[in-house]
Every structure is written in structure tokens, then in C-alpha cells.
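**Student:** Dropping in run_21.cif, with mmCIF, C-alpha atoms; chains and numbers go by the auth columns.
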```cif
data_final
loop_
_atom_site.group_PDB
_atom_site.id
_atom_site.type_symbol
_atom_site.label_atom_id
_atom_site.label_comp_id
_atom_site.label_asym_id
_atom_site.label_seq_id
_atom_site.Cartn_x
_atom_site.Cartn_y
_atom_site.Cartn_z
_atom_site.B_iso_or_equiv
_atom_site.auth_seq_id
_atom_site.auth_asym_id
ATOM 1 C CA SER A 1 236.859 230.960 100.828 0.00 1 A
ATOM 2 C CA GLY A 2 236.859 229.305 104.177 0.00 2 A
ATOM 3 C CA GLN A 3 239.883 227.050 103.649 0.00 3 A
ATOM 4 C CA ASN A 4 242.413 229.295 105.390 0.00 4 A
ATOM 5 C CA PRO A 5 242.508 229.110 109.186 0.00 5 A
ATOM 6 C CA ILE A 6 243.723 232.704 109.680 0.00 6 A
ATOM 7 C CA TRP A 7 241.584 235.622 108.565 0.00 7 A
ATOM 8 C CA TYR A 8 242.878 239.177 108.465 0.00 8 A
ATOM 9 C CA ILE A 9 239.941 241.528 108.906 0.00 9 A
ATOM 10 C CA CYS A 10 241.200 244.760 107.398 0.00 10 A
ATOM 11 C CA THR A 11 239.845 248.033 108.773 0.00 11 A
ATOM 12 C CA SER A 12 241.849 250.333 106.499 0.00 12 A
ATOM 13 C CA LEU A 13 239.405 252.549 104.684 0.00 13 A
ATOM 14 C CA TYR A 14 241.086 254.990 102.364 0.00 14 A
ATOM 15 C CA GLN A 15 239.319 258.364 102.512 0.00 15 A
ATOM 16 C CA SER A 16 241.528 261.071 101.075 0.00 16 A
ATOM 17 C CA ASN A 17 245.140 261.898 100.326 0.00 17 A
ATOM 18 C CA LEU A 18 245.629 263.608 103.679 0.00 18 A
ATOM 19 C CA ALA A 19 245.141 262.368 107.194 0.00 19 A
ATOM 20 C CA ARG A 20 241.840 263.253 108.813 0.00 20 A
ATOM 21 C CA LEU A 21 241.482 264.108 112.457 0.00 21 A
ATOM 22 C CA HIS A 22 239.522 260.982 113.360 0.00 22 A
ATOM 23 C CA ARG A 23 241.834 258.612 111.464 0.00 23 A
ATOM 24 C CA GLY A 24 245.269 259.924 112.357 0.00 24 A
ATOM 25 C CA ILE A 25 247.210 258.809 109.280 0.00 25 A
ATOM 26 C CA ALA A 26 247.151 259.470 105.544 0.00 26 A
ATOM 27 C CA ASP A 27 246.062 256.899 102.985 0.00 27 A
ATOM 28 C CA SER A 28 249.658 256.395 101.842 0.00 28 A
ATOM 29 C CA THR A 29 250.678 255.392 105.377 0.00 29 A
ATOM 30 C CA MET A 30 247.700 253.029 105.659 0.00 30 A
ATOM 31 C CA TYR A 31 248.706 251.462 102.350 0.00 31 A
ATOM 32 C CA ALA A 32 252.358 251.091 103.425 0.00 32 A
ATOM 33 C CA ARG A 33 251.259 249.275 106.579 0.00 33 A
ATOM 34 C CA GLU A 34 249.045 246.892 104.620 0.00 34 A
ATOM 35 C CA VAL A 35 251.930 246.110 102.241 0.00 35 A
ATOM 36 C CA ALA A 36 254.281 245.500 105.179 0.00 36 A
ATOM 37 C CA LEU A 37 251.794 243.076 106.786 0.00 37 A
ATOM 38 C CA ILE A 38 251.401 241.174 103.532 0.00 38 A
ATOM 39 C CA GLU A 39 255.103 241.031 102.647 0.00 39 A
ATOM 40 C CA ARG A 40 256.674 240.696 106.080 0.00 40 A
ATOM 41 C CA VAL A 41 254.088 238.543 107.855 0.00 41 A
ATOM 42 C CA PHE A 42 251.309 236.907 105.814 0.00 42 A
ATOM 43 C CA ALA A 43 253.556 235.848 102.915 0.00 43 A
ATOM 44 C CA ASN A 44 255.759 233.925 105.365 0.00 44 A
ATOM 45 C CA LEU A 45 253.247 231.848 107.310 0.00 45 A
ATOM 46 C CA PRO A 46 252.794 228.070 107.097 0.00 46 A
ATOM 47 C CA ASN A 47 249.004 228.518 107.268 0.00 47 A
ATOM 48 C CA GLY A 48 247.129 230.382 104.582 0.00 48 A
ATOM 49 C CA VAL A 49 245.554 233.763 105.293 0.00 49 A
ATOM 50 C CA THR A 50 242.270 235.081 103.994 0.00 50 A
ATOM 51 C CA TYR A 51 242.523 238.849 103.553 0.00 51 A
ATOM 52 C CA LYS A 52 239.080 240.362 104.150 0.00 52 A
ATOM 53 C CA PRO A 53 238.928 244.001 102.974 0.00 53 A
ATOM 54 C CA TYR A 54 236.632 246.526 104.581 0.00 54 A
ATOM 55 C CA PRO A 55 233.263 246.224 102.788 0.00 55 A
ATOM 56 C CA ALA A 56 233.156 249.824 101.551 0.00 56 A
ATOM 57 C CA VAL A 57 234.736 251.396 98.498 0.00 57 A
ATOM 58 C CA ARG A 58 235.929 255.006 98.563 0.00 58 A
ATOM 59 C CA TYR A 59 238.014 255.135 95.380 0.00 59 A
ATOM 60 C CA LEU A 60 237.092 253.914 91.916 0.00 60 A
ATOM 61 C CA ASP A 61 240.651 252.697 91.310 0.00 61 A
ATOM 62 C CA PRO A 62 241.531 249.180 92.445 0.00 62 A
ATOM 63 C CA ASP A 63 243.295 248.930 95.795 0.00 63 A
ATOM 64 C CA PRO A 64 246.974 248.099 95.114 0.00 64 A
ATOM 65 C CA ALA A 65 247.249 246.388 98.525 0.00 65 A
ATOM 66 C CA LEU A 66 244.525 243.944 97.484 0.00 66 A
ATOM 67 C CA GLU A 67 246.307 243.355 94.184 0.00 67 A
ATOM 68 C CA LEU A 68 249.499 242.549 96.094 0.00 68 A
ATOM 69 C CA ALA A 69 247.607 240.242 98.466 0.00 69 A
ATOM 70 C CA ALA A 70 246.027 238.432 95.508 0.00 70 A
ATOM 71 C CA ARG A 71 249.499 237.827 93.983 0.00 71 A
ATOM 72 C CA THR A 72 250.850 236.441 97.272 0.00 72 A
ATOM 73 C CA PRO A 73 250.678 232.610 97.189 0.00 73 A
ATOM 74 C CA SER A 74 249.754 232.137 100.874 0.00 74 A
ATOM 75 C CA VAL A 75 247.078 234.870 100.825 0.00 75 A
ATOM 76 C CA GLU A 76 243.564 234.649 99.444 0.00 76 A
ATOM 77 C CA VAL A 77 241.543 237.848 99.054 0.00 77 A
ATOM 78 C CA TYR A 78 237.913 237.550 100.042 0.00 78 A
ATOM 79 C CA GLY A 79 236.254 239.226 97.057 0.00 79 A
ATOM 80 C CA GLU A 80 232.672 239.687 98.195 0.00 80 A
ATOM 81 C CA ARG A 81 231.533 242.863 99.960 0.00 81 A
ATOM 82 C CA LEU A 82 229.843 240.932 102.772 0.00 82 A
ATOM 83 C CA ASP A 83 230.305 242.199 106.324 0.00 83 A
ATOM 84 C CA PHE A 84 232.531 240.029 108.520 0.00 84 A
ATOM 85 C CA ARG A 85 229.790 239.297 111.046 0.00 85 A
ATOM 86 C CA TYR A 86 228.355 236.866 108.484 0.00 86 A
ATOM 87 C CA LEU A 87 231.687 235.176 107.826 0.00 87 A
ATOM 88 C CA SER A 88 233.278 234.523 111.216 0.00 88 A
ATOM 89 C CA ALA A 89 232.326 230.834 111.158 0.00 89 A
ATOM 90 C CA TYR A 90 234.845 230.264 108.342 0.00 90 A
ATOM 91 C CA ALA A 91 237.827 231.451 110.387 0.00 91 A
ATOM 92 C CA ARG A 92 239.754 229.662 113.087 0.00 92 A
ATOM 93 C CA MET A 93 241.790 232.702 114.104 0.00 93 A
ATOM 94 C CA LEU A 94 241.449 236.454 113.472 0.00 94 A
ATOM 95 C CA VAL A 95 243.827 239.371 113.016 0.00 95 A
ATOM 96 C CA THR A 96 242.507 242.944 112.991 0.00 96 A
ATOM 97 C CA ALA A 97 243.412 246.499 113.931 0.00 97 A
ATOM 98 C CA GLY A 98 241.852 249.762 115.020 0.00 98 A
ATOM 99 C CA ALA A 99 239.211 250.721 117.549 0.00 99 A
ATOM 100 C CA THR A 100 236.234 250.114 115.276 0.00 100 A
ATOM 101 C CA SER A 101 233.037 248.080 115.373 0.00 101 A
ATOM 102 C CA THR A 102 234.972 245.354 113.513 0.00 102 A
ATOM 103 C CA VAL A 103 236.875 244.646 116.725 0.00 103 A
ATOM 104 C CA SER A 104 233.593 243.961 118.499 0.00 104 A
ATOM 105 C CA TRP A 105 232.497 241.487 115.835 0.00 105 A
ATOM 106 C CA CYS A 106 235.851 239.724 116.008 0.00 106 A
ATOM 107 C CA LEU A 107 235.851 239.639 119.785 0.00 107 A
ATOM 108 C CA MET A 108 232.289 238.361 120.035 0.00 108 A
ATOM 109 C CA SER A 109 233.037 235.511 117.588 0.00 109 A
ATOM 110 C CA ASP A 110 235.199 233.976 120.369 0.00 110 A
ATOM 111 C CA LYS A 111 237.868 233.016 117.848 0.00 111 A
ATOM 112 C CA PRO A 112 241.448 233.695 118.945 0.00 112 A
ATOM 113 C CA MET A 113 242.027 237.322 118.028 0.00 113 A
ATOM 114 C CA VAL A 114 245.221 239.234 117.397 0.00 114 A
ATOM 115 C CA PHE A 115 244.776 242.984 117.764 0.00 115 A
ATOM 116 C CA LEU A 116 247.298 245.187 115.967 0.00 116 A
ATOM 117 C CA HIS A 117 247.606 248.364 117.998 0.00 117 A
ATOM 118 C CA TYR A 118 248.630 251.404 115.972 0.00 118 A
ATOM 119 C CA PRO A 119 248.956 254.265 118.480 0.00 119 A
ATOM 120 C CA ASP A 120 248.595 256.833 115.683 0.00 120 A
ATOM 121 C CA ALA A 121 245.563 255.342 113.920 0.00 121 A
ATOM 122 C CA MET A 122 242.245 254.471 115.563 0.00 122 A
ATOM 123 C CA PRO A 123 243.985 253.591 118.857 0.00 123 A
ATOM 124 C CA LEU A 124 242.419 252.188 121.974 0.00 124 A
ATOM 125 C CA ASP A 125 242.566 254.467 124.992 0.00 125 A
ATOM 126 C CA ASP A 126 244.952 253.417 127.771 0.00 126 A
ATOM 127 C CA GLU A 127 242.301 251.719 129.899 0.00 127 A
ATOM 128 C CA ALA A 128 240.888 249.740 126.973 0.00 128 A
ATOM 129 C CA LEU A 129 244.376 248.813 125.765 0.00 129 A
ATOM 130 C CA GLU A 130 245.221 247.372 129.170 0.00 130 A
ATOM 131 C CA ALA A 131 242.036 245.264 129.114 0.00 131 A
ATOM 132 C CA PHE A 132 242.796 244.101 125.565 0.00 132 A
ATOM 133 C CA GLN A 133 246.335 243.086 126.538 0.00 133 A
ATOM 134 C CA LEU A 134 244.868 240.801 129.201 0.00 134 A
ATOM 135 C CA GLY A 135 242.017 239.372 127.116 0.00 135 A
ATOM 136 C CA VAL A 136 243.347 239.048 123.553 0.00 136 A
ATOM 137 C CA PHE A 137 246.727 238.984 121.802 0.00 137 A
ATOM 138 C CA VAL A 138 247.954 242.561 121.295 0.00 138 A
ATOM 139 C CA PHE A 139 250.904 243.565 119.141 0.00 139 A
ATOM 140 C CA ASP A 140 251.961 247.214 119.369 0.00 140 A
ATOM 141 C CA HIS A 141 253.201 248.600 116.065 0.00 141 A
ATOM 142 C CA GLN A 142 255.679 250.879 117.834 0.00 142 A
ATOM 143 C CA ALA A 143 257.290 248.049 119.820 0.00 143 A
ATOM 144 C CA PRO A 144 260.670 246.802 118.552 0.00 144 A
ATOM 145 C CA GLY A 145 260.424 243.776 116.263 0.00 145 A
ATOM 146 C CA PHE A 146 256.701 244.236 115.589 0.00 146 A
ATOM 147 C CA TYR A 147 256.594 242.303 112.295 0.00 147 A
ATOM 148 C CA ARG A 148 259.018 239.602 113.428 0.00 148 A
ATOM 149 C CA ARG A 149 257.153 238.983 116.692 0.00 149 A
ATOM 150 C CA LEU A 150 253.774 238.935 114.908 0.00 150 A
ATOM 151 C CA ARG A 151 255.078 236.497 112.290 0.00 151 A
ATOM 152 C CA GLU A 152 256.558 234.229 114.991 0.00 152 A
ATOM 153 C CA PHE A 153 253.287 234.254 116.930 0.00 153 A
ATOM 154 C CA LEU A 154 251.189 233.410 113.858 0.00 154 A
ATOM 155 C CA THR A 155 253.620 230.640 112.871 0.00 155 A
ATOM 156 C CA GLN A 156 252.785 228.662 116.034 0.00 156 A
ATOM 157 C CA PRO A 157 250.369 225.748 115.731 0.00 157 A
ATOM 158 C CA ILE A 158 246.881 227.203 115.933 0.00 158 A
ATOM 159 C CA SER A 159 246.018 224.639 118.603 0.00 159 A
ATOM 160 C CA ASP A 160 248.675 226.250 120.850 0.00 160 A
ATOM 161 C CA ILE A 161 247.202 229.688 120.204 0.00 161 A
ATOM 162 C CA GLU A 162 243.724 228.344 120.961 0.00 162 A
ATOM 163 C CA ALA A 163 244.994 226.964 124.296 0.00 163 A
ATOM 164 C CA ALA A 164 246.503 230.359 125.213 0.00 164 A
ATOM 165 C CA TRP A 165 243.223 231.992 124.134 0.00 165 A
ATOM 166 C CA ALA A 166 241.268 229.734 126.496 0.00 166 A
ATOM 167 C CA GLU A 167 243.546 230.789 129.372 0.00 167 A
ATOM 168 C CA ARG A 168 242.502 234.408 128.803 0.00 168 A
ATOM 169 C CA ALA A 169 238.771 233.689 128.982 0.00 169 A
ATOM 170 C CA ALA A 170 238.098 235.423 132.324 0.00 170 A
ATOM 171 C CA ALA A 171 239.992 238.562 131.305 0.00 171 A
ATOM 172 C CA ARG A 172 238.180 238.570 127.953 0.00 172 A
ATOM 173 C CA GLU A 173 234.834 238.284 129.713 0.00 173 A
ATOM 174 C CA ARG A 174 235.702 241.398 131.744 0.00 174 A
ATOM 175 C CA LEU A 175 236.882 243.163 128.586 0.00 175 A
ATOM 176 C CA ILE A 176 233.603 242.428 126.812 0.00 176 A
ATOM 177 C CA SER A 177 231.576 243.435 129.863 0.00 177 A
ATOM 178 C CA ASP A 178 233.451 246.691 130.421 0.00 178 A
ATOM 179 C CA PHE A 179 234.070 247.876 126.865 0.00 179 A
ATOM 180 C CA ILE A 180 231.826 246.095 124.385 0.00 180 A
ATOM 181 C CA ALA A 181 228.527 244.740 125.657 0.00 181 A
ATOM 182 C CA ALA A 182 227.486 246.788 128.681 0.00 182 A
ATOM 183 C CA PRO A 183 225.904 250.245 128.745 0.00 183 A
ATOM 184 C CA THR A 184 228.711 251.701 130.846 0.00 184 A
ATOM 185 C CA ALA A 185 230.734 254.844 130.376 0.00 185 A
ATOM 186 C CA ASN A 186 233.486 252.783 128.733 0.00 186 A
ATOM 187 C CA SER A 187 231.407 251.046 126.061 0.00 187 A
ATOM 188 C CA GLY A 188 232.475 252.094 122.620 0.00 188 A
ATOM 189 C CA VAL A 189 235.613 253.852 123.853 0.00 189 A
#
```
Let's see the structure in the file written out as C-alpha cells.

**Tutor:**
Amino acid sequence: SGQNPIWYICTSLYQSNLARLHRGIADSTMYAREVALIERVFANLPNGVTYKPYPAVRYLDPDPALELAARTPSVEVYGERLDFRYLSAYARMLVTAGATSTVSWCLMSDKPMVFLHYPDAMPLDDEALEAFQLGVFVFDHQAPGFYRRLREFLTQPISDIEAAWAERAAARERLISDFIAAPTANSGV
């Protein structure tokens, strides 16, 4: 691992056949979204993607999304169960989703980060979403052309994305201060 410039840090953690209150969607919906990302976006990029699964296992059966990713020529599955915080140095750019601690690790790595906002699954609250839209690259799953726009963005030269990332530095600093690193009422929201 480490050869692909784009890393997808997956936060999908299958837990049961039905949606749970804190997750918002069922496992089958999570799986369908992972397949759509692989087939409609990652399989069509000029740069390779390392697909980093969440480092916990809830089912004994193999994850069919990981099997699909492994069969996709432009995608490499990171097979170890190491937490991403130890791997960020290998990536040049990150893609992740969901209001989880993973987002904090991605954000604090200071690598250009694409945040996939799913309003029905581990969403950011409105105030945090606004700060994220200013500080990182946010793609809303419910917006028209979600997969096309994401694919077009990730197809750009990474140096162009890095330049746009640098332009958002002040907004990202506020985002980190208000929602990630400071003991304020917003931290962790």
C-alpha cells in the first residue's frame, strides 16, 4: 500500500439487517452506497484509490463491497486492520463520510479531504456542515449529479486540488477550532 494518491477511508460499519437509531440506514443501503462509489466513481479515476475499510468486523462473512473493490483494477483494498491515524502519511488526498472520529483524523492530517455528506446517515448538524463546506470539499449525496460531480472533482490533477485546499486554510482552522480541537459546546457535534 501507499502507491495510490487517493485514499477512501470507509466508515461503513455493518451492524444488523435493520437500521438503528444512531446510524439512520440499514446495512443493505450502506452496502449499495459503497458499491455505487466503487463502480461510479473510483473505478473511473485516472489515479488509483486505496480503499481503507473500517478496522472492525461485525459479520463473519466477507464484505461483498470489499470483494468488489478488490476486483476493480484502479482500486486497492488495504487489508490490514490498522487504524487510519497510523496510515495518513501514505495518502496524498482523502475521501470519507459520516460524522465520526475518522473525520477528525482525516482533517487533522491536513491532506486535502473530500467529505461525503449523507443527510440520512451519520450527518453533520447544520452549523458543522456550513463550517465543513467552507473548510473542506463537501459533496452532498442528495444533490443532483452527486456521483458525476464527485468523479469530475477527483479526476482533476491532485496538485490543483491541493492548491484549492490551501486556499481554504483559514476556514479549516476555524472549523478545527470550533468543532474538533477545542473544548467548546460544538466539539464532537

**Student:** Which is closer to Phe146 in chain A than all the others in A:Leu116, A:Leu45, A:Ile180, A:Met122, using all atoms listed in the file?

**Tutor:**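 Ranking A:Leu116, A:Leu45, A:Ile180, A:Met122 by distance to Phe146 in chain A, first place goes to A:Leu116.
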
**Student:** With distances taken over all atoms listed in the file, which of A:Pro64, A:Ser104, A:Asn44, A:Ala97 is nearest to Ala181 in chain A?

**Tutor:** A:Ser104

**Student:** If I take CA of Ala91 in chain A and CA of Pro157 in chain A, how far is one from the other in Å, to one decimal?

**Tutor:**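 Between CA of Ala91 in chain A and CA of Pro157 in chain A the gap is 14.8 Å.
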
**Student:** Using the chain letters and numbers from the file, give me the residues hit by the PyMOL selection byres ((chain A and resi 175) around 10), as JSON, numbers by chain.

**Tutor:** {"A": [107, 128, 129, 130, 131, 132, 133, 134, 135, 136, 169, 170, 171, 172, 173, 174, 176, 177, 178, 179, 180, 181, 187]}

**Student:** What's around Phe115 in chain A at 8 Å? Count only C-alpha atoms, leave out sequence neighbours fewer than 6 positions away in its own chain, and write the answer as an MDAnalysis selection string.

**Tutor:** chainID A and resid 95:98 136:139

**Student:** Can you tell me, as lines of an AutoDock Vina configuration file, the centre and edge lengths (Å, one decimal) of the axis-aligned box enclosing all of range 63-80 of chain A's listed atoms after padding each side by 6 Å?

**Tutor:**
```
center_x = 241.8
center_y = 240.5
center_z = 97.4
size_x = 30.2
size_y = 28.8
size_z = 18.9
```

**Student:** Up to 10 Å from (233.1, 244.0, 106.2) in the file's coordinates: name the residues, counting all atoms listed in the file, as a PyMOL selection string.

**Tutor:** chain A and resi 9-11+52-56+80-87+102+105

**Student:** Taking the file as shown, what set of residues would the PyMOL selection byres ((chain A and resi 30-37) around 8) give back, as a list in words?

**Tutor:**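 Evaluating the PyMOL selection byres ((chain A and resi 30-37) around 8) on this file yields Ser12, Tyr14, Ile25, Ala26, Asp27, Ser28, Thr29, Ile38, Glu39, Arg40, Val41, Phe42, Ala65, Leu68 and Tyr147 of chain A.
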
**Student:** Need to verify the contact set: Tyr90 in chain A, 10 Å, all atoms listed in the file, exclusion of same-chain residues closer than 3 positions in sequence. Can you return it as a list in words?

**Tutor:** Ser1, Gly2, Gln3, Asn4, Pro5, Ile6, Trp7, Thr50, Tyr86, Leu87 and Met93 of chain A

**Student:** Generate the output file for the selected residues, C-alpha atoms, as a PDB file, keeping the file's coordinate frame.

**Tutor:**
```pdb
ATOM      1  CA  SER A   1     236.859 230.960 100.828  1.00  0.00           C
ATOM      2  CA  GLY A   2     236.859 229.305 104.177  1.00  0.00           C
ATOM      3  CA  GLN A   3     239.883 227.050 103.649  1.00  0.00           C
ATOM      4  CA  ASN A   4     242.413 229.295 105.390  1.00  0.00           C
ATOM      5  CA  PRO A   5     242.508 229.110 109.186  1.00  0.00           C
ATOM      6  CA  ILE A   6     243.723 232.704 109.680  1.00  0.00           C
ATOM      7  CA  TRP A   7     241.584 235.622 108.565  1.00  0.00           C
ATOM      8  CA  THR A  50     242.270 235.081 103.994  1.00  0.00           C
ATOM      9  CA  TYR A  86     228.355 236.866 108.484  1.00  0.00           C
ATOM     10  CA  LEU A  87     231.687 235.176 107.826  1.00  0.00           C
ATOM     11  CA  MET A  93     241.790 232.702 114.104  1.00  0.00           C
TER      12      MET A  93
END
```

**Student:** Would you please work out which residue, of A:Val49, A:Leu124, A:Val114, A:Thr155, is nearest to Thr72 in chain A when using all atoms listed in the file?

**Tutor:** A:Val49

**Student:** I'd like to see the residues matched by the PyMOL selection byres ((chain A and resi 142) around 10) on this file, and ideally I'd get them as a VMD selection string.

**Tutor:** chain A and resid 117 to 120 139 to 141 143 to 146

**Student:** Please export range 146-157 of chain A as a compact mmCIF listing (two decimals), in the first residue's frame, restricted to all heavy atoms.

**Tutor:**
```
# COMPACT_ATOMS: atom_id res chain seq x y z
N PHE A 146 -24.60 13.81 -7.90
CA PHE A 146 -23.62 13.53 -6.85
C PHE A 146 -22.42 12.73 -7.36
O PHE A 146 -21.28 13.16 -7.21
CB PHE A 146 -24.29 12.79 -5.69
CG PHE A 146 -23.35 12.23 -4.66
CD1 PHE A 146 -22.75 13.06 -3.73
CD2 PHE A 146 -23.06 10.87 -4.62
CE1 PHE A 146 -21.88 12.55 -2.77
CE2 PHE A 146 -22.20 10.36 -3.67
CZ PHE A 146 -21.61 11.20 -2.74
N TYR A 147 -22.65 11.58 -7.95
CA TYR A 147 -21.55 10.72 -8.39
C TYR A 147 -20.76 11.34 -9.53
O TYR A 147 -19.53 11.28 -9.55
CB TYR A 147 -22.08 9.33 -8.80
CG TYR A 147 -22.66 8.58 -7.63
CD1 TYR A 147 -24.03 8.43 -7.49
CD2 TYR A 147 -21.83 8.04 -6.65
CE1 TYR A 147 -24.58 7.75 -6.41
CE2 TYR A 147 -22.37 7.37 -5.56
CZ TYR A 147 -23.73 7.23 -5.45
OH TYR A 147 -24.26 6.57 -4.36
N ARG A 148 -21.44 11.96 -10.48
CA ARG A 148 -20.76 12.61 -11.59
C ARG A 148 -19.87 13.75 -11.10
O ARG A 148 -18.70 13.86 -11.49
CB ARG A 148 -21.79 13.15 -12.61
CG ARG A 148 -21.15 13.92 -13.78
CD ARG A 148 -22.18 14.61 -14.65
NE ARG A 148 -23.18 15.39 -13.93
CZ ARG A 148 -22.96 16.59 -13.38
NH1 ARG A 148 -21.78 17.16 -13.46
NH2 ARG A 148 -23.93 17.23 -12.75
N ARG A 149 -20.41 14.60 -10.23
CA ARG A 149 -19.63 15.74 -9.73
C ARG A 149 -18.45 15.27 -8.90
O ARG A 149 -17.36 15.83 -9.00
CB ARG A 149 -20.52 16.69 -8.92
CG ARG A 149 -21.51 17.48 -9.77
CD ARG A 149 -22.36 18.47 -9.00
NE ARG A 149 -23.03 17.90 -7.84
CZ ARG A 149 -22.63 18.02 -6.57
NH1 ARG A 149 -21.56 18.72 -6.27
NH2 ARG A 149 -23.31 17.45 -5.59
N LEU A 150 -18.64 14.23 -8.08
CA LEU A 150 -17.54 13.69 -7.28
C LEU A 150 -16.45 13.11 -8.19
O LEU A 150 -15.26 13.39 -7.99
CB LEU A 150 -18.08 12.62 -6.32
CG LEU A 150 -17.04 11.90 -5.45
CD1 LEU A 150 -16.30 12.89 -4.56
CD2 LEU A 150 -17.74 10.83 -4.61
N ARG A 151 -16.86 12.36 -9.19
CA ARG A 151 -15.90 11.77 -10.13
C ARG A 151 -15.13 12.87 -10.86
O ARG A 151 -13.90 12.80 -10.98
CB ARG A 151 -16.63 10.87 -11.13
CG ARG A 151 -15.72 10.11 -12.07
CD ARG A 151 -16.47 9.18 -13.01
NE ARG A 151 -17.48 9.89 -13.80
CZ ARG A 151 -18.81 9.78 -13.62
NH1 ARG A 151 -19.31 9.00 -12.69
NH2 ARG A 151 -19.63 10.47 -14.39
N GLU A 152 -15.82 13.91 -11.32
CA GLU A 152 -15.15 15.01 -12.02
C GLU A 152 -14.15 15.72 -11.10
O GLU A 152 -13.05 16.07 -11.53
CB GLU A 152 -16.18 16.00 -12.55
CG GLU A 152 -16.96 15.47 -13.74
CD GLU A 152 -18.12 16.37 -14.16
OE1 GLU A 152 -18.35 17.42 -13.50
OE2 GLU A 152 -18.80 16.03 -15.14
N PHE A 153 -14.54 15.92 -9.85
CA PHE A 153 -13.64 16.58 -8.90
C PHE A 153 -12.38 15.74 -8.70
O PHE A 153 -11.26 16.24 -8.75
CB PHE A 153 -14.35 16.81 -7.56
CG PHE A 153 -13.49 17.48 -6.55
CD1 PHE A 153 -13.34 18.86 -6.55
CD2 PHE A 153 -12.80 16.74 -5.60
CE1 PHE A 153 -12.52 19.49 -5.61
CE2 PHE A 153 -11.99 17.36 -4.66
CZ PHE A 153 -11.85 18.75 -4.68
N LEU A 154 -12.55 14.44 -8.47
CA LEU A 154 -11.42 13.56 -8.18
C LEU A 154 -10.56 13.27 -9.41
O LEU A 154 -9.44 12.79 -9.29
CB LEU A 154 -11.91 12.25 -7.57
CG LEU A 154 -12.57 12.36 -6.20
CD1 LEU A 154 -13.12 11.02 -5.76
CD2 LEU A 154 -11.59 12.92 -5.17
N THR A 155 -11.07 13.59 -10.59
CA THR A 155 -10.32 13.41 -11.83
C THR A 155 -9.33 14.55 -12.07
O THR A 155 -8.38 14.40 -12.83
CB THR A 155 -11.30 13.27 -13.02
OG1 THR A 155 -12.14 12.15 -12.77
CG2 THR A 155 -10.59 13.06 -14.33
N GLN A 156 -9.52 15.68 -11.40
CA GLN A 156 -8.61 16.81 -11.55
C GLN A 156 -7.19 16.41 -11.13
O GLN A 156 -7.01 15.52 -10.30
CB GLN A 156 -9.02 17.95 -10.61
CG GLN A 156 -10.33 18.59 -10.86
CD GLN A 156 -10.55 19.65 -9.80
OE1 GLN A 156 -10.02 20.75 -9.91
NE2 GLN A 156 -11.32 19.32 -8.78
N PRO A 157 -6.19 17.11 -11.63
CA PRO A 157 -4.84 16.89 -11.10
C PRO A 157 -4.83 17.16 -9.58
O PRO A 157 -5.42 18.15 -9.12
CB PRO A 157 -3.98 17.91 -11.84
CG PRO A 157 -4.76 18.22 -13.09
CD PRO A 157 -6.21 18.10 -12.70
```
